[in-house]
Amino acid sequence: MGERALRGTRLGATSYENDRNTDLAPRQEVSYTCPKGHRFEVPLAAEAEIPATWECRMCGATAVRVDGEQPESKKVKPPRTHWDMLLERRSIEDLEEVLNERLAVLRAQRRKSA
């Protein structure tokens with residue numbers, strides 16, 4: 001009998017529950033504006049921590065809250081280059097000495113091949 005009752009229904013595709021007698025969680029709507037001027041609202045739970053930034057729905061840029069504080073800019077550490085790391089290990093005099101040694105080796109190889 002159970003097999004006949006479910007025949008013809010799409011299991012999992014359709015919910016037979018209704019929204020009657022259910023209470024939705026309290027919500028708040030937070031407004032954001034992106035640098036391109038798009039303004040949109042995001043529904044969040046009332047007890048949720050409200051983020052200072054949100055991705056714009058229209059263009060994907062970083063939008064900030066309309067009525068909130070601006071996000072604090074983080075101190076960005078400049079990227080270390082190969083030259084910076086080299087100077088941590090050797091002085092300029094050492095580097096000039098190594099360069100002269102390598103140039104001498106290259107010049108000697110050229111003389112042999114010519």
# chains A, B, ... in the order shown; residues from 1 in each chain; ligands from 1
>>> select_by_dssp(residues="chain A", states="helix (DSSP H, G or I)", output="PyMOL selection string")
chain A and resi 2-6+82-89+92-113
>>> residues_around(residues="A:Thr62", least_positions_apart="5", cutoff="7 Å", atoms="only C-alpha atoms", output="PyMOL selection string")
chain A and resi 34+53-56
>>> write_last_selection(atoms="N, CA and C atoms", output="PDB file, in the first residue's frame")
ATOM      1  N   CYS A  34      27.935  50.587  -2.974  1.00  0.00           N
ATOM      2  CA  CYS A  34      29.237  50.296  -3.563  1.00  0.00           C
ATOM      3  C   CYS A  34      29.822  51.565  -4.172  1.00  0.00           C
ATOM      4  N   THR A  53      31.511  45.391   5.433  1.00  0.00           N
ATOM      5  CA  THR A  53      31.536  45.367   3.966  1.00  0.00           C
ATOM      6  C   THR A  53      30.757  44.170   3.448  1.00  0.00           C
ATOM      7  N   TRP A  54      30.291  44.282   2.195  1.00  0.00           N
ATOM      8  CA  TRP A  54      29.548  43.212   1.544  1.00  0.00           C
ATOM      9  C   TRP A  54      29.821  43.324   0.051  1.00  0.00           C
ATOM     10  N   GLU A  55      29.831  42.202  -0.645  1.00  0.00           N
ATOM     11  CA  GLU A  55      30.068  42.228  -2.089  1.00  0.00           C
ATOM     12  C   GLU A  55      28.827  42.740  -2.807  1.00  0.00           C
ATOM     13  N   CYS A  56      29.011  43.704  -3.714  1.00  0.00           N
ATOM     14  CA  CYS A  56      27.894  44.296  -4.450  1.00  0.00           C
ATOM     15  C   CYS A  56      27.248  43.245  -5.340  1.00  0.00           C
TER      16      CYS A  56
END
>>> closest_residue(among="A:His82, A:Arg65, A:Lys77, A:Arg90", to="A:Tyr32", atoms="only C-alpha atoms")
A:Arg65
>>> atom_distance(atom1="atom CA of A:Ala25", atom2="atom CA of A:Ala45")
7.0 Å
>>> decode(residues="stretch 82-93 of chain A", atoms="all heavy atoms", output="mmCIF file, in the first residue's frame")
data_model
loop_
_atom_site.group_PDB
_atom_site.id
_atom_site.type_symbol
_atom_site.label_atom_id
_atom_site.label_comp_id
_atom_site.auth_asym_id
_atom_site.auth_seq_id
_atom_site.Cartn_x
_atom_site.Cartn_y
_atom_site.Cartn_z
ATOM 1 N N HIS A 82 63.221 39.822 -4.016
ATOM 2 C CA HIS A 82 64.428 39.000 -4.001
ATOM 3 C C HIS A 82 65.620 39.842 -3.547
ATOM 4 O O HIS A 82 66.469 39.379 -2.790
ATOM 5 C CB HIS A 82 64.670 38.433 -5.401
ATOM 6 C CG HIS A 82 65.902 37.602 -5.502
ATOM 7 N ND1 HIS A 82 65.996 36.356 -4.945
ATOM 8 C CD2 HIS A 82 67.102 37.855 -6.077
ATOM 9 C CE1 HIS A 82 67.210 35.866 -5.177
ATOM 10 N NE2 HIS A 82 67.899 36.762 -5.870
ATOM 11 N N TRP A 83 65.661 41.086 -3.990
ATOM 12 C CA TRP A 83 66.753 41.984 -3.620
ATOM 13 C C TRP A 83 66.767 42.233 -2.111
ATOM 14 O O TRP A 83 67.832 42.237 -1.486
ATOM 15 C CB TRP A 83 66.617 43.290 -4.393
ATOM 16 C CG TRP A 83 67.699 44.278 -4.100
ATOM 17 C CD1 TRP A 83 67.566 45.443 -3.405
ATOM 18 C CD2 TRP A 83 69.077 44.194 -4.462
ATOM 19 N NE1 TRP A 83 68.783 46.089 -3.315
ATOM 20 C CE2 TRP A 83 69.724 45.341 -3.962
ATOM 21 C CE3 TRP A 83 69.829 43.257 -5.149
ATOM 22 C CZ2 TRP A 83 71.074 45.570 -4.135
ATOM 23 C CZ3 TRP A 83 71.185 43.492 -5.322
ATOM 24 C CH2 TRP A 83 71.790 44.640 -4.818
ATOM 25 N N ASP A 84 65.588 42.419 -1.492
ATOM 26 C CA ASP A 84 65.511 42.630 -0.041
ATOM 27 C C ASP A 84 66.052 41.430 0.720
ATOM 28 O O ASP A 84 66.793 41.574 1.697
ATOM 29 C CB ASP A 84 64.072 42.905 0.391
ATOM 30 C CG ASP A 84 63.529 44.206 -0.164
ATOM 31 O OD1 ASP A 84 64.340 45.114 -0.429
ATOM 32 O OD2 ASP A 84 62.301 44.300 -0.342
ATOM 33 N N MET A 85 65.671 40.240 0.279
ATOM 34 C CA MET A 85 66.142 39.031 0.961
ATOM 35 C C MET A 85 67.644 38.850 0.770
ATOM 36 O O MET A 85 68.347 38.380 1.670
ATOM 37 C CB MET A 85 65.375 37.816 0.446
ATOM 38 C CG MET A 85 63.919 37.797 0.896
ATOM 39 S SD MET A 85 63.064 36.324 0.395
ATOM 40 C CE MET A 85 62.405 36.864 -1.170
ATOM 41 N N LEU A 86 68.153 39.228 -0.406
ATOM 42 C CA LEU A 86 69.582 39.124 -0.665
ATOM 43 C C LEU A 86 70.367 40.083 0.232
ATOM 44 O O LEU A 86 71.413 39.722 0.784
ATOM 45 C CB LEU A 86 69.848 39.434 -2.141
ATOM 46 C CG LEU A 86 71.216 39.106 -2.704
ATOM 47 C CD1 LEU A 86 71.486 37.616 -2.570
ATOM 48 C CD2 LEU A 86 71.298 39.538 -4.147
ATOM 49 N N LEU A 87 69.845 41.293 0.415
ATOM 50 C CA LEU A 87 70.523 42.271 1.275
ATOM 51 C C LEU A 87 70.491 41.874 2.746
ATOM 52 O O LEU A 87 71.322 42.346 3.528
ATOM 53 C CB LEU A 87 69.893 43.654 1.093
ATOM 54 C CG LEU A 87 70.207 44.349 -0.227
ATOM 55 C CD1 LEU A 87 69.486 45.683 -0.297
ATOM 56 C CD2 LEU A 87 71.700 44.528 -0.420
ATOM 57 N N GLU A 88 69.559 41.024 3.132
ATOM 58 C CA GLU A 88 69.532 40.531 4.508
ATOM 59 C C GLU A 88 70.691 39.581 4.773
ATOM 60 O O GLU A 88 71.172 39.470 5.890
ATOM 61 C CB GLU A 88 68.209 39.823 4.799
ATOM 62 C CG GLU A 88 67.026 40.752 4.900
ATOM 63 C CD GLU A 88 65.717 40.000 5.078
ATOM 64 O OE1 GLU A 88 65.739 38.752 5.203
ATOM 65 O OE2 GLU A 88 64.663 40.665 5.079
ATOM 66 N N ARG A 89 71.136 38.888 3.716
ATOM 67 C CA ARG A 89 72.191 37.892 3.876
ATOM 68 C C ARG A 89 73.592 38.424 3.574
ATOM 69 O O ARG A 89 74.570 37.935 4.114
ATOM 70 C CB ARG A 89 71.917 36.678 2.984
ATOM 71 C CG ARG A 89 70.722 35.876 3.455
ATOM 72 C CD ARG A 89 70.491 34.672 2.577
ATOM 73 N NE ARG A 89 69.655 35.086 1.450
ATOM 74 C CZ ARG A 89 69.891 34.797 0.189
ATOM 75 N NH1 ARG A 89 70.922 34.073 -0.140
ATOM 76 N NH2 ARG A 89 69.092 35.208 -0.752
ATOM 77 N N ARG A 90 73.682 39.401 2.658
ATOM 78 C CA ARG A 90 75.000 39.875 2.233
ATOM 79 C C ARG A 90 75.018 41.392 2.178
ATOM 80 O O ARG A 90 73.998 42.027 1.956
ATOM 81 C CB ARG A 90 75.349 39.335 0.842
ATOM 82 C CG ARG A 90 75.485 37.839 0.809
ATOM 83 C CD ARG A 90 75.892 37.403 -0.551
ATOM 84 N NE ARG A 90 75.974 35.960 -0.615
ATOM 85 C CZ ARG A 90 77.068 35.304 -0.967
ATOM 86 N NH1 ARG A 90 78.154 35.947 -1.290
ATOM 87 N NH2 ARG A 90 77.071 33.992 -1.015
ATOM 88 N N SER A 91 76.205 41.949 2.288
ATOM 89 C CA SER A 91 76.368 43.403 2.160
ATOM 90 C C SER A 91 76.614 43.742 0.684
ATOM 91 O O SER A 91 76.893 42.859 -0.143
ATOM 92 C CB SER A 91 77.524 43.883 3.026
ATOM 93 O OG SER A 91 78.749 43.370 2.513
ATOM 94 N N ILE A 92 76.589 45.027 0.360
ATOM 95 C CA ILE A 92 76.813 45.466 -1.020
ATOM 96 C C ILE A 92 78.236 45.104 -1.462
ATOM 97 O O ILE A 92 78.456 44.676 -2.598
ATOM 98 C CB ILE A 92 76.571 46.993 -1.143
ATOM 99 C CG1 ILE A 92 75.107 47.335 -0.832
ATOM 100 C CG2 ILE A 92 76.947 47.508 -2.523
ATOM 101 C CD1 ILE A 92 74.112 46.860 -1.851
ATOM 102 N N GLU A 93 79.197 45.246 -0.554
ATOM 103 C CA GLU A 93 80.582 44.911 -0.891
ATOM 104 C C GLU A 93 80.716 43.435 -1.237
ATOM 105 O O GLU A 93 81.408 43.065 -2.198
ATOM 106 C CB GLU A 93 81.520 45.266 0.281
ATOM 107 C CG GLU A 93 81.615 46.749 0.567
ATOM 108 C CD GLU A 93 80.462 47.262 1.412
ATOM 109 O OE1 GLU A 93 79.809 46.459 2.109
ATOM 110 O OE2 GLU A 93 80.207 48.479 1.370
#
